[in-house]
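Written out below as structure tokens is the structure these notes cover.
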Amino acid sequence: MSFEPMTSVAAASGFDRVIDLRAGALPDLIAGLLADARAAAREDRLVAERRVREAIELVQREGKRLLDDARPAPVTGGLAPWQVRKVDAHLAANIDAPVKVSDLAALVRLSVSHFSRAFAVSYGGGAREHIIQRRLERARQMMIETDEPLGQIAAACGFADQAHFSNRFRRAFETSPLVWRRLHQRGQVASIDAADSAFA
């Protein structure tokens, strides 16, 4: 494999400018430089050392650039970390009580509209649906860990009544809480995650 055109570019530029490489081309280019170095080592040690140095520089610079290009762009416009912590703590402490979006917005010192936009960026969806999801997660945990009746679990997780809880549960998991609980209690699923995959 000959890399003479690359070599001349490298020599002229001192390997100090970014070469537009696709990720797939990098291994072949490095392998070619090292093969040239091995071949040159028998005849000209300085050429061999130069090829090895070029390969090392290429790996360091282009590898870093390719990794940087692969990183996702930072999320902007979301809640600050301290705001996320406050929202999470408030929801955990008030899972059984009514939670208004306006209360959450006030908690983190934002207008309701700004909070709603920032919340969606940070959590990947709206605040109301997130609150329902948190309540359903807590209800499933209680269904596994306790023998409480479904009506009491519904109340403990902030649902208006058992019918409201059942409706939301069925919408989220495509089965009723009673069926889900019986299935779990029979030992047919080993965890909440396994139960989810059964209804996916």
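Residues are named by chain letter and number: chains run A, B, ... in the order of the structure tokens, numbers start at 1 in each chain, and ligands are numbered from 1 in the order shown.
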Q.
Based on the backbone DSSP call, show me all residues of stretch 92-194 of chain A assigned helix (DSSP H, G or I), as an NGL selection string.
A. :A and (92-93 or 101-107 or 112-123 or 127-145 or 150-156 or 162-173 or 177-185 or 192-194)
**Prompt:** Of the candidates A:Leu178, A:Val121, A:Asp103, A:Ala97, which shows the shortest atom-to-atom distance to A:Phe159, using only C-alpha atoms?
**Reply:**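 When distances to A:Phe159 are compared using only C-alpha atoms, the smallest one comes from A:Ala97.
One distance worth recording is that between atom CA of A:Leu79 and atom CA of A:Arg109, which is 10.9 Å.
Residues in contact range of A:Ala39, defined as at most 9 Å between only C-alpha atoms, with sequence neighbours fewer than 5 positions away removed, read Leu34, Asp44 and Ala48 of chain A.
Taking atom CA of A:Arg138 and atom CA of A:Phe119 as the two end points, the separation is 20.7 Å.
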Skip A:Pro177 itself and residues of its chain fewer than 2 positions away, then list as a list in words all residues within 9 Å of it, counting only C-alpha atoms. Arg140, Met143, Leu150, Phe165, Ser166, Phe169, Arg170, Phe173, Thr175, Val179, Trp180, Arg181 and Arg182 of chain A
Worksheet entry | Selected residue, from A:Val112, A:Val59, A:Asn167, A:Ala35, that lies nearest to A:Val47 when counting only C-alpha atoms |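 So, comparing all the options, the nearest one is A:Ala35.
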Here atom CA of A:Ile95 and atom CA of A:Glu174 stand apart by 22.7 Å
